[in-house]
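Accompanying notes for the structure given below.
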Amino acid sequence: MVAIPGADIPVVHTPADDKPGFWARWFYSTNHKDIGILYLIFGIFSGLLGGFLSFMMRMELATPGIDVFSSEHTYLVFVTMHGLIMIFFMVMPALIGGFGNYFLPIMIGAPDMAFPRMNNLSFWLLPVALICLLISFFVPGAAEGNGFGGAWVMYPPLSTTGSPGPAFDFIIIGLLAAGFSSIFGAINFITTILNMRAPGMTMHKMPLFAWAMLVTAFLLLLALPVLAAALFMLLTDRIEGGTAFFDPARGGDPQMFQHLFWFFGHPEVYIMILPAFGIVSHIVSTFSKKPIFGYLGMAYAMVAIGVVGFVVWAHHMYTVGMDVNVKAYFVLATLVIAVPTGVKVFSWLATMWGGSIRFTVPMLWAIGFIILFVVGGVTGVMLANAGVTTYLHDTYYVVAHFHYVLSMGAVFGIFAGWYYWYGKMFGHHYNGFLARLHFWLFFIGVNVIFFPQHFLGLNSMPRRYIDYPVEFEFWNMVSSWGAWITLASVAVFFVVLIEAFLMRNKRRVGNNYWGEGATTLEWTISSPPPYHQFSVLPRIDAGDSDPHEEVDEAYARREGDSA
Amino acid sequence: MKKETTQEMTRNIKTKILLATIAIGMLSLGFFSKTLYDTFCRITGFGGTPVLAMNEDNLSVVLDRSVTVNFDTNVSPDLPWKFEPVQRSMEVKLGQTGLAFYTAKNMSDRPVTGVATFNVTPVKAAPWFVKTECFCFTDQTLQPGEEMTMPVLFFVDPEMDGSERHDDVRDVVLSYTFFVAEDQPEEAEAAAATVQALP
């Protein structure tokens, strides 16, 4: 795919380019770039919050015995909230709301999202949702104390009769708000991608990030309503004398909640990783100075991951007592996902193969992503086997696995995108040395945290306990050192931001500061982009055909139809 | 230009309505999953739901192959009952009607109504495990200290022998769990009401 160089797309400054005042610009915002920035700020804030919770958990687990938390219940509340906040309020807002809103319209040559006001609604539902979650910390949950300690999976009966207090009601309301925010966002993204591509940009010429967002949006649209339904059912089950969807005493089935939850929950993990796939594809291609290897294979691999991702959910439930044939099916279907994922990994490697690679900061994050995602993927293939999981279910091995794909997959994707597009979003560059320091500290830190957890899991240390026998002390201690290194890297991240802000006038960047490898449309407009881009829509051509000819052919076809 | 913009808007709104319909469709599927799942389980015996329907034609056929039926009981912590099978296991031939007994005793000083749920393991044998008479079909009320013996009349459908997948079925576990029923005996409620009415 070849984008027509920037000179051909006039950037016209009209009175409409004047930005509204502060309040109107940031609080009534309908501009996709402003909303994207709001999402990113929100994601950073939630990331700090969720990170703080996990840091406290790691401090507690550094040594056996209960020494940091006042009660077991509070520890479980931290576990629960860490999961919910990181998933719904950090990864999703940053990857989908942030980079999706900011770059998707630019990449497909659209002036804005299809429904700017709905976009505003999508964003502002999130702070409301987060406030609900934060309130739940401080109101009574179970008899043991404040807050809800039933983990992010919210299985009944712990989430129904086990937590009678209002804490869990606040979580339900918060998650419903976040869920509807994502559904509205998904409708917006799909409509934008299907209807608002620039002339000449067919689906098969669309950048891979746009493909990733399209698949992600469809997953959101299909999976989140199921979570909403399950949450509504929990809500009515919790009312005294209410429904009995999940209450076996009155003919309900608690296992059905697990099915509903994981029918949402498994696509959810692809929702969190697919946008990162898209970002990494662009970065690898840019810094190898080669078009992405196997573009169509890459696009349809994501579609395949999305489709198959909907029929593997019960691999989270191998120990509930399923028929062995049902297990056999879910093992097979889960293993099949390794095929399109392998297509993606090998295509990234093939893109780098023989390319002129530059190890810039975003490239470091992208390569880190590929390496660590493969580690998480390999443990995923192991865990896909029902027999193995019977042993490893709910151990730290599972914790290590999903943190390798999320804490290192999705988060490395976020940082890769952040450092790749930082200049484009803010118009200036960051300090390369500090950014590299951030990368290496983070890379070492998260590996020191999570790699030892494989050993703990293989020795069957269970998840979600505040305490453990002394045999597990050594690797837990190592894991907690990793938390300190990661904390240092987060501090360096803020130093990068502050330093870059202070030096902003000395490091202005041009339209395409990454050079000839960067071929998508955002590199054809100024950095930062004008408040309203593409007042004249760009034309895309494949580089091998004459657009006028295509138009003539289209006219000829249309005349032929009407004749 | 103006006209084109309007056309684009209509197209966007059409897409939006279509997508919103999909979302609402998934929401409804989520809600009706209960009904769909129940129907599916009742038809297929999936998830260990024993088949309740009687197939009288098969009652006359008794095969030489036999299975051991093990009896298991559970009581919800909220129910003050003792609930045990009279016999731990029983060997029956395929098609032969078996009669098993359970005893339940109310350990509290008030009348309590309980209701039982049941399932059969291995789940693949569930479709062939037929109960013709069972206390689990109705609520059971026990007076304070009352002990009751409850029968279960069942047979294993001889047609199971025709299925290759069930060749390895030698043992079947029939498990019951008693819960507190929603409708409690009137005397108890009346007694509770009297207590409350007293000054």
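Labels for the structure tokens follow display order: chains A, B, ..., residues from 1 in each chain, ligands from 1.
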
Give me the chain B side of the contact with chain A, cut-off 8 Å, one line per residue showing its nearest atom pair and distance in Å at one decimal, counting only C-alpha atoms, sorted by chain and residue number, as JSON lines.
```
{"residue": "B:Glu8", "atom": "CA", "partner": "A:Asn195", "partner_atom": "CA", "distance": 7.7}
{"residue": "B:Arg11", "atom": "CA", "partner": "A:Asn195", "partner_atom": "CA", "distance": 7.4}
{"residue": "B:Asn12", "atom": "CA", "partner": "A:Thr191", "partner_atom": "CA", "distance": 6.1}
{"residue": "B:Thr15", "atom": "CA", "partner": "A:Thr191", "partner_atom": "CA", "distance": 6.0}
{"residue": "B:Lys16", "atom": "CA", "partner": "A:Ile187", "partner_atom": "CA", "distance": 6.2}
{"residue": "B:Leu19", "atom": "CA", "partner": "A:Ile187", "partner_atom": "CA", "distance": 6.1}
{"residue": "B:Ala20", "atom": "CA", "partner": "A:Ile187", "partner_atom": "CA", "distance": 7.2}
{"residue": "B:Ile22", "atom": "CA", "partner": "A:Leu222", "partner_atom": "CA", "distance": 7.3}
{"residue": "B:Ala23", "atom": "CA", "partner": "A:Leu221", "partner_atom": "CA", "distance": 5.7}
{"residue": "B:Ile24", "atom": "CA", "partner": "A:Pro225", "partner_atom": "CA", "distance": 7.1}
{"residue": "B:Met26", "atom": "CA", "partner": "A:Pro225", "partner_atom": "CA", "distance": 5.7}
{"residue": "B:Leu27", "atom": "CA", "partner": "A:Pro225", "partner_atom": "CA", "distance": 4.5}
{"residue": "B:Ser28", "atom": "CA", "partner": "A:Ala229", "partner_atom": "CA", "distance": 7.5}
{"residue": "B:Leu29", "atom": "CA", "partner": "A:Val226", "partner_atom": "CA", "distance": 7.5}
{"residue": "B:Gly30", "atom": "CA", "partner": "A:Val226", "partner_atom": "CA", "distance": 4.9}
{"residue": "B:Phe31", "atom": "CA", "partner": "A:Ala229", "partner_atom": "CA", "distance": 5.6}
{"residue": "B:Lys34", "atom": "CA", "partner": "A:Phe245", "partner_atom": "CA", "distance": 7.2}
{"residue": "B:Gly47", "atom": "CA", "partner": "A:Met322", "partner_atom": "CA", "distance": 7.0}
{"residue": "B:Val115", "atom": "CA", "partner": "A:Ala249", "partner_atom": "CA", "distance": 7.4}
{"residue": "B:Ala116", "atom": "CA", "partner": "A:Ala249", "partner_atom": "CA", "distance": 7.8}
{"residue": "B:Thr117", "atom": "CA", "partner": "A:Ala249", "partner_atom": "CA", "distance": 7.6}
{"residue": "B:Pro122", "atom": "CA", "partner": "A:Asp323", "partner_atom": "CA", "distance": 7.6}
{"residue": "B:Val123", "atom": "CA", "partner": "A:Asp323", "partner_atom": "CA", "distance": 6.1}
{"residue": "B:Lys124", "atom": "CA", "partner": "A:Asp323", "partner_atom": "CA", "distance": 6.8}
{"residue": "B:Phe178", "atom": "CA", "partner": "A:Ala249", "partner_atom": "CA", "distance": 7.8}
{"residue": "B:Phe179", "atom": "CA", "partner": "A:Ala249", "partner_atom": "CA", "distance": 5.1}
{"residue": "B:Val180", "atom": "CA", "partner": "A:Ala249", "partner_atom": "CA", "distance": 6.8}
{"residue": "B:Ala181", "atom": "CA", "partner": "A:Ala249", "partner_atom": "CA", "distance": 7.1}
{"residue": "B:Glu182", "atom": "CA", "partner": "A:Arg250", "partner_atom": "CA", "distance": 7.3}
```

Given the selection you just returned, output its residues as a file containing N, CA, C and O atoms, formatted as an mmCIF file, in the first residue's frame.
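Contents of the output file selection-v2.cif:
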```
data_model
loop_
_atom_site.group_PDB
_atom_site.id
_atom_site.type_symbol
_atom_site.label_atom_id
_atom_site.label_comp_id
_atom_site.auth_asym_id
_atom_site.auth_seq_id
_atom_site.Cartn_x
_atom_site.Cartn_y
_atom_site.Cartn_z
ATOM 1 N N GLU B 8 -23.852 10.185 3.327
ATOM 2 C CA GLU B 8 -22.909 9.504 4.200
ATOM 3 C C GLU B 8 -23.513 9.320 5.589
ATOM 4 O O GLU B 8 -23.416 8.261 6.196
ATOM 5 N N ARG B 11 -26.009 6.560 5.658
ATOM 6 C CA ARG B 11 -25.340 5.275 5.583
ATOM 7 C C ARG B 11 -24.769 4.904 6.955
ATOM 8 O O ARG B 11 -24.904 3.781 7.417
ATOM 9 N N ASN B 12 -24.171 5.900 7.608
ATOM 10 C CA ASN B 12 -23.622 5.642 8.938
ATOM 11 C C ASN B 12 -24.708 5.222 9.908
ATOM 12 O O ASN B 12 -24.523 4.317 10.709
ATOM 13 N N THR B 15 -25.765 1.669 9.346
ATOM 14 C CA THR B 15 -24.782 0.742 9.926
ATOM 15 C C THR B 15 -24.931 0.689 11.433
ATOM 16 O O THR B 15 -24.891 -0.382 12.041
ATOM 17 N N LYS B 16 -25.131 1.869 12.016
ATOM 18 C CA LYS B 16 -25.242 1.944 13.477
ATOM 19 C C LYS B 16 -26.434 1.125 13.955
ATOM 20 O O LYS B 16 -26.327 0.374 14.931
ATOM 21 N N LEU B 19 -25.639 -2.535 13.785
ATOM 22 C CA LEU B 19 -24.709 -2.967 14.832
ATOM 23 C C LEU B 19 -25.387 -2.975 16.191
ATOM 24 O O LEU B 19 -25.175 -3.881 16.998
ATOM 25 N N ALA B 20 -26.240 -1.962 16.445
ATOM 26 C CA ALA B 20 -26.956 -1.929 17.723
ATOM 27 C C ALA B 20 -27.865 -3.147 17.841
ATOM 28 O O ALA B 20 -28.000 -3.743 18.912
ATOM 29 N N ILE B 22 -27.307 -6.069 16.535
ATOM 30 C CA ILE B 22 -26.447 -7.217 16.878
ATOM 31 C C ILE B 22 -26.167 -7.223 18.378
ATOM 32 O O ILE B 22 -26.279 -8.254 19.042
ATOM 33 N N ALA B 23 -25.831 -6.033 18.918
ATOM 34 C CA ALA B 23 -25.513 -5.957 20.344
ATOM 35 C C ALA B 23 -26.713 -6.373 21.188
ATOM 36 O O ALA B 23 -26.594 -7.152 22.132
ATOM 37 N N ILE B 24 -27.899 -5.871 20.814
ATOM 38 C CA ILE B 24 -29.101 -6.221 21.574
ATOM 39 C C ILE B 24 -29.396 -7.712 21.426
ATOM 40 O O ILE B 24 -29.801 -8.382 22.376
ATOM 41 N N MET B 26 -27.183 -10.105 21.068
ATOM 42 C CA MET B 26 -26.279 -10.845 21.952
ATOM 43 C C MET B 26 -26.729 -10.717 23.402
ATOM 44 O O MET B 26 -26.649 -11.662 24.174
ATOM 45 N N LEU B 27 -27.226 -9.524 23.767
ATOM 46 C CA LEU B 27 -27.717 -9.310 25.127
ATOM 47 C C LEU B 27 -28.870 -10.273 25.419
ATOM 48 O O LEU B 27 -28.909 -10.935 26.460
ATOM 49 N N SER B 28 -29.802 -10.393 24.459
ATOM 50 C CA SER B 28 -30.949 -11.289 24.665
ATOM 51 C C SER B 28 -30.490 -12.733 24.725
ATOM 52 O O SER B 28 -30.972 -13.499 25.551
ATOM 53 N N LEU B 29 -29.554 -13.104 23.860
ATOM 54 C CA LEU B 29 -29.041 -14.480 23.907
ATOM 55 C C LEU B 29 -28.457 -14.769 25.282
ATOM 56 O O LEU B 29 -28.649 -15.847 25.834
ATOM 57 N N GLY B 30 -27.753 -13.774 25.843
ATOM 58 C CA GLY B 30 -27.198 -13.924 27.179
ATOM 59 C C GLY B 30 -28.288 -14.202 28.189
ATOM 60 O O GLY B 30 -28.184 -15.101 29.017
ATOM 61 N N PHE B 31 -29.390 -13.421 28.088
ATOM 62 C CA PHE B 31 -30.477 -13.590 29.050
ATOM 63 C C PHE B 31 -31.199 -14.914 28.877
ATOM 64 O O PHE B 31 -31.559 -15.569 29.838
ATOM 65 N N LYS B 34 -30.205 -19.243 29.821
ATOM 66 C CA LYS B 34 -30.757 -20.123 30.853
ATOM 67 C C LYS B 34 -31.739 -21.118 30.229
ATOM 68 O O LYS B 34 -31.603 -22.332 30.362
ATOM 69 N N GLY B 47 -24.209 -32.497 30.639
ATOM 70 C CA GLY B 47 -23.893 -31.966 31.965
ATOM 71 C C GLY B 47 -24.464 -32.817 33.081
ATOM 72 O O GLY B 47 -24.629 -32.357 34.196
ATOM 73 N N VAL B 115 -35.564 -29.408 49.446
ATOM 74 C CA VAL B 115 -35.747 -29.827 48.060
ATOM 75 C C VAL B 115 -34.402 -30.327 47.563
ATOM 76 O O VAL B 115 -33.364 -29.788 47.909
ATOM 77 N N ALA B 116 -34.457 -31.387 46.770
ATOM 78 C CA ALA B 116 -33.203 -32.001 46.337
ATOM 79 C C ALA B 116 -32.951 -31.779 44.852
ATOM 80 O O ALA B 116 -33.879 -31.739 44.049
ATOM 81 N N THR B 117 -31.689 -31.601 44.528
ATOM 82 C CA THR B 117 -31.285 -31.658 43.126
ATOM 83 C C THR B 117 -30.405 -32.884 42.976
ATOM 84 O O THR B 117 -29.930 -33.430 43.959
ATOM 85 N N PRO B 122 -20.554 -40.892 35.470
ATOM 86 C CA PRO B 122 -20.048 -39.966 34.451
ATOM 87 C C PRO B 122 -21.187 -39.349 33.646
ATOM 88 O O PRO B 122 -22.211 -40.008 33.429
ATOM 89 N N VAL B 123 -20.964 -38.147 33.218
ATOM 90 C CA VAL B 123 -22.055 -37.420 32.566
ATOM 91 C C VAL B 123 -22.524 -38.118 31.295
ATOM 92 O O VAL B 123 -23.685 -38.011 30.931
ATOM 93 N N LYS B 124 -21.643 -38.882 30.660
ATOM 94 C CA LYS B 124 -22.085 -39.499 29.410
ATOM 95 C C LYS B 124 -23.097 -40.627 29.662
ATOM 96 O O LYS B 124 -23.813 -41.025 28.761
ATOM 97 N N PHE B 178 -29.453 -31.818 49.070
ATOM 98 C CA PHE B 178 -30.660 -31.220 49.635
ATOM 99 C C PHE B 178 -30.418 -29.762 49.979
ATOM 100 O O PHE B 178 -29.403 -29.427 50.605
ATOM 101 N N PHE B 179 -31.338 -28.902 49.536
ATOM 102 C CA PHE B 179 -31.296 -27.481 49.875
ATOM 103 C C PHE B 179 -32.536 -27.108 50.655
ATOM 104 O O PHE B 179 -33.515 -27.845 50.675
ATOM 105 N N VAL B 180 -32.514 -25.914 51.272
ATOM 106 C CA VAL B 180 -33.712 -25.382 51.913
ATOM 107 C C VAL B 180 -34.682 -24.988 50.809
ATOM 108 O O VAL B 180 -34.306 -24.279 49.867
ATOM 109 N N ALA B 181 -35.924 -25.456 50.887
ATOM 110 C CA ALA B 181 -36.904 -25.122 49.858
ATOM 111 C C ALA B 181 -37.405 -23.701 50.068
ATOM 112 O O ALA B 181 -37.347 -23.154 51.167
ATOM 113 N N GLU B 182 -37.902 -23.122 48.964
ATOM 114 C CA GLU B 182 -38.394 -21.752 49.049
ATOM 115 C C GLU B 182 -39.676 -21.668 49.882
ATOM 116 O O GLU B 182 -39.857 -20.756 50.669
#
```

Set the distance at 7 Å and use only C-alpha atoms: which residues neighbour Trp81 of chain B once local chain neighbours fewer than 2 positions away are removed? I'd like the list as a PDB file with all heavy atoms, in the first residue's frame.
```pdb
ATOM      1  N   LEU B  79     -29.264 -26.086  55.704  1.00  0.00           N
ATOM      2  CA  LEU B  79     -30.362 -27.010  56.006  1.00  0.00           C
ATOM      3  C   LEU B  79     -29.964 -27.898  57.187  1.00  0.00           C
ATOM      4  O   LEU B  79     -28.992 -28.645  57.101  1.00  0.00           O
ATOM      5  CB  LEU B  79     -30.659 -27.870  54.762  1.00  0.00           C
ATOM      6  CG  LEU B  79     -31.883 -28.777  54.858  1.00  0.00           C
ATOM      7  CD1 LEU B  79     -33.154 -27.961  54.805  1.00  0.00           C
ATOM      8  CD2 LEU B  79     -31.869 -29.792  53.719  1.00  0.00           C
ATOM      9  N   PHE B  83     -28.623 -36.441  56.062  1.00  0.00           N
ATOM     10  CA  PHE B  83     -29.161 -37.063  54.858  1.00  0.00           C
ATOM     11  C   PHE B  83     -28.152 -38.085  54.354  1.00  0.00           C
ATOM     12  O   PHE B  83     -27.027 -37.737  54.012  1.00  0.00           O
ATOM     13  CB  PHE B  83     -29.420 -35.957  53.823  1.00  0.00           C
ATOM     14  CG  PHE B  83     -29.846 -36.456  52.473  1.00  0.00           C
ATOM     15  CD1 PHE B  83     -30.892 -37.366  52.352  1.00  0.00           C
ATOM     16  CD2 PHE B  83     -29.223 -36.005  51.321  1.00  0.00           C
ATOM     17  CE1 PHE B  83     -31.290 -37.816  51.098  1.00  0.00           C
ATOM     18  CE2 PHE B  83     -29.617 -36.450  50.080  1.00  0.00           C
ATOM     19  CZ  PHE B  83     -30.651 -37.351  49.968  1.00  0.00           C
ATOM     20  N   ALA B 104     -33.477 -39.285  55.668  1.00  0.00           N
ATOM     21  CA  ALA B 104     -33.221 -37.882  56.012  1.00  0.00           C
ATOM     22  C   ALA B 104     -33.790 -37.644  57.394  1.00  0.00           C
ATOM     23  O   ALA B 104     -34.869 -38.146  57.725  1.00  0.00           O
ATOM     24  CB  ALA B 104     -33.881 -36.963  55.005  1.00  0.00           C
ATOM     25  N   LYS B 105     -33.039 -36.923  58.228  1.00  0.00           N
ATOM     26  CA  LYS B 105     -33.525 -36.639  59.574  1.00  0.00           C
ATOM     27  C   LYS B 105     -33.400 -35.151  59.842  1.00  0.00           C
ATOM     28  O   LYS B 105     -32.367 -34.528  59.568  1.00  0.00           O
ATOM     29  CB  LYS B 105     -32.709 -37.433  60.605  1.00  0.00           C
ATOM     30  CG  LYS B 105     -33.292 -37.318  62.000  1.00  0.00           C
ATOM     31  CD  LYS B 105     -32.553 -38.168  63.005  1.00  0.00           C
ATOM     32  CE  LYS B 105     -33.257 -38.019  64.365  1.00  0.00           C
ATOM     33  NZ  LYS B 105     -32.493 -38.592  65.442  1.00  0.00           N
ATOM     34  N   ASN B 106     -34.482 -34.580  60.361  1.00  0.00           N
ATOM     35  CA  ASN B 106     -34.477 -33.163  60.723  1.00  0.00           C
ATOM     36  C   ASN B 106     -33.829 -33.017  62.098  1.00  0.00           C
ATOM     37  O   ASN B 106     -34.362 -33.497  63.098  1.00  0.00           O
ATOM     38  CB  ASN B 106     -35.920 -32.646  60.744  1.00  0.00           C
ATOM     39  CG  ASN B 106     -35.973 -31.149  60.989  1.00  0.00           C
ATOM     40  OD1 ASN B 106     -34.969 -30.522  61.329  1.00  0.00           O
ATOM     41  ND2 ASN B 106     -37.164 -30.582  60.810  1.00  0.00           N
ATOM     42  N   MET B 107     -32.688 -32.382  62.192  1.00  0.00           N
ATOM     43  CA  MET B 107     -31.951 -32.260  63.444  1.00  0.00           C
ATOM     44  C   MET B 107     -32.364 -31.030  64.243  1.00  0.00           C
ATOM     45  O   MET B 107     -31.871 -30.803  65.339  1.00  0.00           O
ATOM     46  CB  MET B 107     -30.438 -32.172  63.177  1.00  0.00           C
ATOM     47  CG  MET B 107     -29.896 -33.255  62.265  1.00  0.00           C
ATOM     48  SD  MET B 107     -30.145 -34.906  62.937  1.00  0.00           S
ATOM     49  CE  MET B 107     -28.870 -34.937  64.164  1.00  0.00           C
TER      50      MET B 107
END
```

Subject >> Spatial neighbours of Thr73 of chain B, max dist 10 Å, only C-alpha atoms, sep filter under 6 positions, as an MDAnalysis selection string >> reply: chainID B and resid 82:85 102 116 118 174:178

Subject >> B:Thr132, B:Thr121, B:Thr21, B:Thr113 ranked by distance to Val69 of chain B, top pick (using only C-alpha atoms) >> reply: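 Result for the nearest residue to Val69 of chain B: B:Thr121.
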
Original post:
Do you have the atom CA of Thr360 of chain A-atom CA of Gly510 of chain A distance handy?
Top reply: 17.1 Å

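Atom to atom, atom CA of Leu121 of chain A and atom CA of Phe168 of chain A stand 24.4 Å apart.
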
Original post:
Tell me, which residues of segment 129-289 of chain A carry DSSP strand (DSSP E or B), written as a PyMOL selection string?
Top reply: chain A and resi 140-142+145-146

**OP:** Can you pull out every residue within 10 Å of Ser122 of chain A, counting only C-alpha atoms, but drop anything in the same chain fewer than 4 positions away, and send it as a list of chain:residue names?
**Re:**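 Close residues of Ser122 of chain A: A:Ile35, A:Tyr39, A:Gly97, A:Pro116, A:Arg117, A:Met118, A:Leu126, A:Ala177, A:Ala178, A:Gly179, A:Phe180, A:Ser181, A:Ser182, A:Ile183, A:Phe184, A:Gly185, A:Ala186, A:Asn188.
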
Requested write-out: N, CA, C and O atoms of the selected residues, as a short mmCIF file (atom, residue, chain, number, x, y, z; two decimals), in the first residue's frame:
```cif
data_model
loop_
_atom_site.label_atom_id
_atom_site.label_comp_id
_atom_site.auth_asym_id
_atom_site.auth_seq_id
_atom_site.Cartn_x
_atom_site.Cartn_y
_atom_site.Cartn_z
N ILE A 35 -10.35 13.26 22.17
CA ILE A 35 -10.90 12.14 22.95
C ILE A 35 -9.84 11.06 23.12
O ILE A 35 -9.70 10.48 24.20
N TYR A 39 -8.50 9.57 26.62
CA TYR A 39 -8.44 8.13 26.92
C TYR A 39 -7.04 7.75 27.40
O TYR A 39 -6.89 6.97 28.34
N GLY A 97 -9.50 2.92 23.08
CA GLY A 97 -9.98 4.30 23.13
C GLY A 97 -8.89 5.28 22.74
O GLY A 97 -9.13 6.21 21.98
N PRO A 116 -19.24 11.49 16.41
CA PRO A 116 -18.38 12.18 17.39
C PRO A 116 -19.04 12.34 18.75
O PRO A 116 -18.37 12.22 19.77
N ARG A 117 -20.34 12.58 18.79
CA ARG A 117 -20.98 12.77 20.10
C ARG A 117 -21.05 11.47 20.88
O ARG A 117 -20.86 11.43 22.09
N MET A 118 -21.30 10.37 20.16
CA MET A 118 -21.32 9.08 20.84
C MET A 118 -19.92 8.76 21.37
O MET A 118 -19.77 8.14 22.43
N LEU A 126 -16.60 6.22 31.22
CA LEU A 126 -15.52 5.52 31.90
C LEU A 126 -15.15 6.11 33.26
O LEU A 126 -15.04 5.37 34.24
N ALA A 177 -21.42 0.25 33.14
CA ALA A 177 -21.11 1.54 32.49
C ALA A 177 -19.92 1.37 31.56
O ALA A 177 -19.95 1.81 30.40
N ALA A 178 -18.86 0.71 32.04
CA ALA A 178 -17.67 0.51 31.20
C ALA A 178 -18.02 -0.34 29.98
O ALA A 178 -17.56 -0.09 28.87
N GLY A 179 -18.87 -1.36 30.19
CA GLY A 179 -19.27 -2.24 29.09
C GLY A 179 -20.04 -1.49 28.02
O GLY A 179 -19.75 -1.61 26.83
N PHE A 180 -21.00 -0.66 28.44
CA PHE A 180 -21.76 0.09 27.44
C PHE A 180 -20.87 1.10 26.74
O PHE A 180 -21.01 1.33 25.53
N SER A 181 -19.93 1.68 27.49
CA SER A 181 -18.97 2.59 26.85
C SER A 181 -18.25 1.87 25.72
O SER A 181 -18.11 2.40 24.61
N SER A 182 -17.82 0.63 25.98
CA SER A 182 -17.09 -0.11 24.95
C SER A 182 -17.99 -0.52 23.79
O SER A 182 -17.55 -0.53 22.64
N ILE A 183 -19.26 -0.85 24.09
CA ILE A 183 -20.17 -1.22 23.01
C ILE A 183 -20.39 -0.03 22.08
O ILE A 183 -20.32 -0.14 20.86
N PHE A 184 -20.62 1.17 22.68
CA PHE A 184 -20.79 2.37 21.85
C PHE A 184 -19.53 2.63 21.05
O PHE A 184 -19.58 2.96 19.86
N GLY A 185 -18.38 2.47 21.70
CA GLY A 185 -17.12 2.67 21.00
C GLY A 185 -16.99 1.71 19.83
O GLY A 185 -16.56 2.09 18.74
N ALA A 186 -17.38 0.44 20.06
CA ALA A 186 -17.26 -0.56 19.01
C ALA A 186 -18.15 -0.21 17.82
O ALA A 186 -17.72 -0.30 16.66
N ASN A 188 -19.07 2.70 16.92
CA ASN A 188 -18.43 3.84 16.28
C ASN A 188 -17.27 3.40 15.39
O ASN A 188 -17.15 3.83 14.23
#
```

Original post:
By how many Å are atom CA of Phe101 of chain B and atom CA of Val173 of chain B apart?
Top reply: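 Between atom CA of Phe101 of chain B and atom CA of Val173 of chain B the gap is 14.6 Å.
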
**OP:** List every residue of segment 239-469 of chain A that DSSP, applied to the backbone of this structure, places in helix (DSSP H, G or I), and write the result as a PyMOL selection string.
**Re:** chain A and resi 248-250+254-288+295-311+313-316+318-320+324-352+361-383+386-392+396-426+432-458

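For Gly368 of chain A, the residues within 10 Å (counting only C-alpha atoms, excluding itself and residues fewer than 2 positions away along the chain) are Pro362, Met363, Leu364, Trp365, Ala366, Ile370, Ile371, Leu372, Phe373, Val374, Met408, Gly409, Phe412, Gly413, Ala416, Phe439, Trp440 and Phe443 of chain A.
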
**OP:** Please provide as a PyMOL selection string all residues within 10 Å of segment 148-162 of chain B, with the sequence filter that same-chain residues fewer than 2 positions apart are discarded (counting only C-alpha atoms).
**Re:** chain B and resi 52+54-55+58-67+69+83-86+92-106+125-136+140-143+145-146+164-167+169+172
